[in-house]
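Containing mmCIF, C-alpha atoms and all ligand atoms: model.cif.
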```cif
data_entry
loop_
_atom_site.label_atom_id
_atom_site.label_comp_id
_atom_site.auth_asym_id
_atom_site.auth_seq_id
_atom_site.Cartn_x
_atom_site.Cartn_y
_atom_site.Cartn_z
CA MET W 21 83.12 91.39 98.88
CA SER W 22 82.46 93.54 95.84
CA SER W 23 80.35 96.62 96.23
CA ALA W 24 77.62 95.22 93.96
CA LEU W 25 77.41 92.00 95.92
CA GLU W 26 77.34 93.90 99.20
CA GLN W 27 74.36 95.87 97.97
CA LEU W 28 72.45 92.74 97.11
CA LEU W 29 73.04 91.25 100.51
CA LEU W 30 72.69 94.31 102.72
CA PRO W 31 69.46 96.29 102.89
CA ALA W 32 69.94 99.95 101.99
CA GLU W 33 69.69 101.33 105.47
CA CYS W 34 71.73 103.87 107.38
CA LEU W 35 74.23 101.98 109.50
CA VAL W 36 73.99 104.52 112.31
CA CYS W 37 70.20 105.00 112.74
CA HIS W 38 68.99 102.08 110.57
CA GLY W 39 66.59 104.37 108.74
CA LEU W 40 65.95 103.32 105.15
CA LEU W 41 67.95 105.04 102.46
CA GLY W 42 66.07 106.09 99.35
CA PRO W 43 67.06 104.56 96.01
CA ALA W 44 68.98 107.73 95.10
CA ARG W 45 71.13 107.23 98.22
CA ALA W 46 71.49 103.46 98.00
CA ASP W 47 75.26 103.87 97.54
CA ASP W 48 75.65 105.70 100.85
CA LEU W 49 76.02 103.98 104.18
CA VAL W 50 75.08 106.93 106.38
CA CYS W 51 71.90 108.97 105.89
CA PRO W 52 71.97 112.77 105.51
CA VAL W 53 70.35 113.28 108.92
CA CYS W 54 73.05 111.31 110.73
CA ARG W 55 75.75 113.04 108.73
CA SER W 56 74.35 116.43 109.66
CA ARG W 57 74.74 115.43 113.33
CA TRP W 58 78.48 114.93 112.97
CA ARG W 59 79.92 117.84 114.91
CA PRO W 60 82.64 119.69 112.95
CA VAL W 61 85.81 120.67 114.78
CA ARG W 62 85.81 124.47 114.64
CA PRO W 63 88.13 127.31 115.62
CA PRO W 64 89.30 128.87 117.88
CA TRP W 65 92.03 126.26 117.88
CA CYS W 66 95.77 125.91 118.06
CA GLU W 67 96.84 126.94 114.55
CA ARG W 68 99.20 124.00 114.42
CA CYS W 69 97.45 120.97 115.89
CA GLY W 70 93.86 122.11 115.53
CA GLN W 71 93.04 121.40 119.16
CA PRO W 72 90.70 123.89 120.85
CA GLU W 73 92.69 126.83 122.15
CA PRO W 74 94.26 126.25 125.57
CA HIS W 75 93.14 128.63 128.30
CA PHE W 76 96.62 129.48 129.50
CA GLY W 77 99.96 129.63 127.74
CA PRO W 78 101.13 127.77 124.66
CA CYS W 79 99.55 124.55 123.41
CA ARG W 80 100.89 121.53 125.27
CA LEU W 81 99.58 119.02 122.78
CA CYS W 82 101.88 119.81 119.85
CA ARG W 83 104.97 121.27 121.55
CA GLU W 84 106.91 117.97 121.33
CA TRP W 85 106.05 117.40 117.69
CA PRO W 86 108.84 117.38 115.09
CA GLU W 87 109.26 120.64 113.24
CA ALA W 88 108.31 119.04 109.92
CA LEU W 89 104.73 118.48 111.04
CA ARG W 90 103.18 121.85 110.38
CA VAL W 91 99.41 121.63 110.53
CA VAL W 92 96.91 118.95 111.57
CA ARG W 93 93.17 119.26 111.05
CA SER W 94 90.30 116.92 111.81
CA GLY W 95 86.81 116.88 110.34
CA VAL W 96 84.46 116.06 113.19
CA TRP W 97 84.44 115.27 116.89
CA LEU W 98 84.43 111.56 117.54
CA ASP W 99 81.15 111.18 119.37
CA GLY W 100 77.82 109.47 118.73
CA GLY W 101 77.25 108.72 115.08
CA ALA W 102 80.76 109.73 114.00
CA ARG W 103 82.16 107.11 116.37
CA ALA W 104 79.78 104.53 114.92
CA ALA W 105 80.91 105.43 111.41
CA VAL W 106 84.61 105.03 112.29
CA HIS W 107 83.81 101.79 114.08
CA ALA W 108 82.13 100.50 110.92
CA LEU W 109 85.14 101.54 108.85
CA LYS W 110 87.52 99.73 111.20
CA TYR W 111 85.76 96.76 112.64
CA ARG W 112 82.69 95.92 110.64
CA GLY W 113 84.57 95.34 107.44
CA LEU W 114 82.81 98.15 105.62
CA PRO W 115 85.57 100.03 103.82
CA ARG W 116 82.89 101.44 101.51
CA ILE W 117 81.96 103.89 104.27
CA ALA W 118 85.24 105.71 103.54
CA ALA W 119 83.47 107.44 100.65
CA ASP W 120 80.89 108.85 103.11
CA LEU W 121 83.62 110.04 105.45
CA ALA W 122 85.60 111.57 102.60
CA GLU W 123 82.55 113.38 101.30
CA SER W 124 82.05 115.15 104.61
CA LEU W 125 85.79 115.80 105.00
CA VAL W 126 86.17 117.59 101.68
CA ARG W 127 83.46 120.01 102.76
CA LEU W 128 85.22 120.77 106.04
CA LEU W 129 88.90 120.83 105.12
CA GLN W 130 91.02 122.78 102.71
CA ARG W 131 92.09 120.98 99.57
CA PRO W 132 95.84 120.22 99.58
CA ALA W 133 98.11 122.34 97.38
CA PRO W 134 98.66 121.03 93.84
CA GLY W 135 101.41 118.40 93.73
CA ALA W 136 100.88 117.24 97.32
CA LEU W 137 100.66 113.51 98.02
CA LEU W 138 98.35 111.78 100.46
CA VAL W 139 100.12 109.21 102.64
CA PRO W 140 97.97 106.98 104.85
CA ILE W 141 99.25 105.89 108.26
CA PRO W 142 100.15 102.22 107.69
CA LEU W 143 98.95 99.30 109.77
CA GLY W 144 101.30 96.63 111.06
CA PRO W 145 101.25 93.32 109.17
CA ALA W 146 99.32 91.46 111.89
CA ARG W 147 96.51 94.01 112.02
CA LEU W 148 96.44 94.34 108.25
CA LYS W 149 96.04 90.61 107.90
CA ARG W 150 93.28 90.45 110.49
CA ARG W 151 91.30 93.37 109.04
CA GLY W 152 92.01 92.68 105.39
CA TYR W 153 92.52 96.35 104.59
CA ASN W 154 93.98 99.48 106.12
CA GLN W 155 91.17 101.87 107.02
CA SER W 156 93.45 104.91 106.64
CA ASP W 157 94.47 103.74 103.19
CA VAL W 158 90.85 103.34 102.12
CA LEU W 159 90.08 106.80 103.49
CA ALA W 160 93.13 108.32 101.75
CA ARG W 161 92.06 106.82 98.43
CA ALA W 162 88.53 108.13 98.82
CA LEU W 163 89.94 111.57 99.64
CA GLY W 164 92.38 111.37 96.75
CA ARG W 165 89.52 110.74 94.33
CA ARG W 166 87.55 113.69 95.68
CA TRP W 167 90.50 116.08 95.79
CA GLU W 168 92.18 114.66 92.68
CA VAL W 169 95.40 114.28 94.62
CA GLY W 170 97.85 111.38 94.34
CA VAL W 171 98.06 108.71 97.07
CA ARG W 172 101.31 106.98 98.09
CA SER W 173 100.28 104.08 100.29
CA GLN W 174 103.67 102.41 100.07
CA LEU W 175 105.85 105.31 101.21
CA LEU W 176 105.59 104.57 104.93
CA VAL W 177 105.70 101.13 106.46
CA ARG W 178 104.96 100.13 110.04
CA VAL W 179 107.92 98.13 111.24
CA ARG W 180 106.41 97.12 114.55
CA ASP W 181 102.91 96.77 115.90
CA THR W 182 102.28 99.11 118.78
CA PRO W 183 100.07 98.27 121.75
CA THR W 184 96.67 99.94 121.59
CA GLN W 185 97.03 103.43 122.94
CA THR W 186 94.28 103.71 125.49
CA ALA W 187 94.54 105.95 128.51
CA LEU W 188 98.06 107.10 127.80
CA THR W 189 99.22 110.67 128.27
CA PRO W 190 100.51 112.55 125.18
CA ALA W 191 104.13 111.93 126.27
CA ALA W 192 103.50 108.22 126.90
CA ARG W 193 101.83 107.92 123.51
CA LEU W 194 104.84 109.46 121.77
CA ALA W 195 107.12 106.94 123.49
CA ASN W 196 104.72 104.12 122.59
CA VAL W 197 104.96 104.78 118.84
CA ALA W 198 108.67 105.68 118.73
CA GLY W 199 110.37 103.68 115.99
CA ALA W 200 107.09 102.30 114.66
CA PHE W 201 107.56 103.63 111.12
CA ALA W 202 110.13 103.47 108.39
CA LEU W 203 110.33 104.84 104.91
CA ARG W 204 110.10 102.43 102.02
CA THR W 205 112.12 103.44 99.03
CA ASP W 206 110.99 102.22 95.66
CA ASP W 207 114.41 101.09 94.59
CA CYS W 208 116.11 99.78 97.72
CA GLY W 209 113.37 98.01 99.60
CA LEU W 210 112.96 98.81 103.26
CA ARG W 211 115.33 101.32 104.84
CA ILE W 212 115.15 103.20 108.08
CA GLY W 213 114.86 106.99 107.65
CA GLY W 214 118.01 109.13 107.41
CA GLU W 215 120.37 108.71 104.49
CA ALA W 216 118.22 106.06 102.84
CA GLY W 217 115.36 108.52 102.74
CA ARG W 218 117.46 111.19 101.12
CA GLN W 219 118.30 108.68 98.40
CA SER W 220 114.65 107.79 98.05
CA ALA W 221 113.13 107.26 94.64
CA ILE W 222 111.16 110.44 95.28
CA ARG W 223 113.78 112.98 94.22
CA ASN W 224 114.15 116.56 95.28
CA PRO W 225 112.32 118.78 95.56
CA LYS W 226 110.24 116.55 97.81
CA PRO W 227 106.50 116.96 97.41
CA ALA W 228 104.33 118.21 100.25
CA ILE W 229 102.92 115.27 102.20
CA VAL W 230 99.46 115.09 103.72
CA LEU W 231 99.26 112.24 106.22
CA VAL W 232 95.83 110.63 106.48
CA ASP W 233 94.46 108.79 109.52
CA ASP W 234 90.98 107.89 110.66
CA VAL W 235 91.18 109.34 114.17
CA PHE W 236 93.29 111.92 116.00
CA THR W 237 93.72 111.55 119.75
CA THR W 238 96.99 113.22 120.79
CA GLY W 239 98.68 113.23 117.40
CA ALA W 240 101.51 110.95 118.60
CA THR W 241 101.16 108.59 115.64
CA LEU W 242 101.14 111.44 113.13
CA ALA W 243 104.11 113.07 114.88
CA GLU W 244 106.17 109.88 114.69
CA ALA W 245 105.31 109.35 111.02
CA ALA W 246 106.22 112.99 110.31
CA ARG W 247 109.51 112.60 112.17
CA VAL W 248 110.54 109.74 109.86
CA LEU W 249 109.50 111.68 106.77
CA GLY W 250 111.22 114.83 108.08
CA GLU W 251 114.49 112.94 108.57
CA ALA W 252 114.20 111.75 104.98
CA GLY W 253 114.07 115.33 103.77
CA PHE W 254 110.35 115.95 103.45
CA SER W 255 109.91 119.41 104.88
CA SER W 256 106.24 120.18 104.33
CA ILE W 257 104.08 117.71 106.20
CA THR W 258 100.50 118.27 107.22
CA ALA W 259 97.87 115.78 108.32
CA VAL W 260 94.13 115.26 108.17
CA THR W 261 91.95 112.90 110.14
CA PHE W 262 88.25 112.21 109.92
CA GLY W 263 87.56 112.15 113.66
CA ARG W 264 89.06 113.83 116.69
CA ALA W 265 88.66 112.23 120.09
CA SER W 266 88.31 114.67 122.95
CA ILE W 267 90.95 114.10 125.60
CA PRO W 268 89.53 114.28 129.10
CA ASP W 269 91.65 116.12 131.67
CA PHE W 270 93.73 117.76 128.98
CA THR W 271 93.51 121.51 128.44
ZN ZN E 1 70.98 107.69 109.80
ZN ZN E 2 98.78 122.73 119.38
#
```
As structure tokens, what does this structure read like?
Ligand SMILES: [Zn+2]
Ligand SMILES: [Zn+2]
Amino acid sequence: MSSALEQLLLPAECLVCHGLLGPARADDLVCPVCRSRWRPVRPPWCERCGQPEPHFGPCRLCREWPEALRVVRSGVWLDGGARAAVHALKYRGLPRIAADLAESLVRLLQRPAPGALLVPIPLGPARLKRRGYNQSDVLARALGRRWEVGVRSQLLVRVRDTPTQTALTPAARLANVAGAFALRTDDCGLRIGGEAGRQSAIRNPKPAIVLVDDVFTTGATLAEAARVLGEAGFSSITAVTFGRASIPDFT
């Protein structure tokens, strides 16, 4: 549905609290009050994965990550209204909300270095068909417009659908997504990592990559995507997500 048509059919109300949006905000989907309740993820945190600092010893969350994945940051904690917003982005067929999410993200996160490329985490074909769009892709494009950074939605491809990752430990989640991604090269079609990646249409020096996903839970998906990119010779990989789910029983 086009944005103009959507506006005719949907009343201009906040999708979280259902309060009416003024005419000046008719393009938004979330009102300023609800947005102000989104709880930013703040330091102190692990400098690498952005998780609140562990009480004892080194961070357990990111120690298994591939070296290429340097820094991950999330905008807000995934509770209350932020969860509703992500739910709308994913399940209510409202990709337009990505602009709202991106607007709050650019205020909270550092702009990528010039020349960096945003790469959304791809969906598998079955999920993509069901949803009609990839929520991470829509978010990456909205961020790209705000940051004026290029987006490469075709660089990564999901070669198998992974079971939904509920109630899995960080290690189990890493195993669950192993082998889920491959690198697509512009000239040779689909190839799996390694040598094919080094011959990729993106020549050296490889640009810095910023992976984009809607939600961070343990980072397993980002780590696996970074591993594939790292094997293909991309050495500077960071990631941003809109939401961060708190992991119970994990400190
Ligand atoms: Zn609201
Ligand atoms: Zn960490």
Name the closest residue to ligand ZN 1 (chain E) among the candidates W:Ala104, W:Val61, W:Leu109, W:Glu84; distances are taken between atoms, counting only C-alpha atoms and all ligand atoms. W:Ala104
To check your reading of the model: which residues sit at most 8 Å from ligand ZN 1 (chain E) when counting only C-alpha atoms and all ligand atoms? Write the answer as a PyMOL selection string. chain W and resi 33-39+50-55
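Distances from W:Arg150, W:Arg112, W:Arg80, W:Arg90 to Ala246 of chain W were compared using only C-alpha atoms, and the smallest one belongs to W:Arg90.
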What residues of the protein or nucleic acid chains come within 6 Å of ligand ZN 2 (chain E) when you use only C-alpha atoms and all ligand atoms? Reply as a list in words. Cys66, Arg68, Cys69, Gln71, Cys79, Leu81 and Cys82 of chain W
Can you tell me which residues surround Leu121 of chain W at a distance of at most 10 Å, considering all atoms listed in the file, apart from same-chain residues fewer than 5 positions away, and format the answer as a list in words? Leu49, Val50, Arg55, Gly95, Val96, Ala102, Ala105, Val106, Leu109, Arg116, Val126, Leu159, Ala162, Leu163, Asp234, Thr261, Phe262 and Gly263 of chain W
Kindly give the distance, in Å, that separates atom CA of Arg165 of chain W and atom CA of Ala122 of chain W, rounded to a single decimal. 9.2 Å
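Picture a line from atom CA of Gly170 of chain W to atom CA of Val260 of chain W; it runs 14.8 Å.
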From the list W:Pro190, W:Pro225, W:Pro134, W:Gly77, the nearest residue to Ile267 of chain W using all atoms listed in the file is W:Pro190
Which residues come within 9 Å of Arg178 of chain W, counting only C-alpha atoms, excluding same-chain residues fewer than 6 positions away, as a count of residues only? 10
re atom CA of Thr184 of chain W and atom CA of Tyr111 of chain W: distance 14.5 Å
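Minimum atom-to-atom distance to Val197 of chain W, evaluated using only C-alpha atoms, belongs to W:Leu242 out of W:Leu242, W:Leu176, W:Leu138, W:Val169.
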Which residue of W:Leu40, W:Ala118, W:Leu128, W:Ala198 approaches Gln155 of chain W most closely, using only C-alpha atoms: W:Ala118
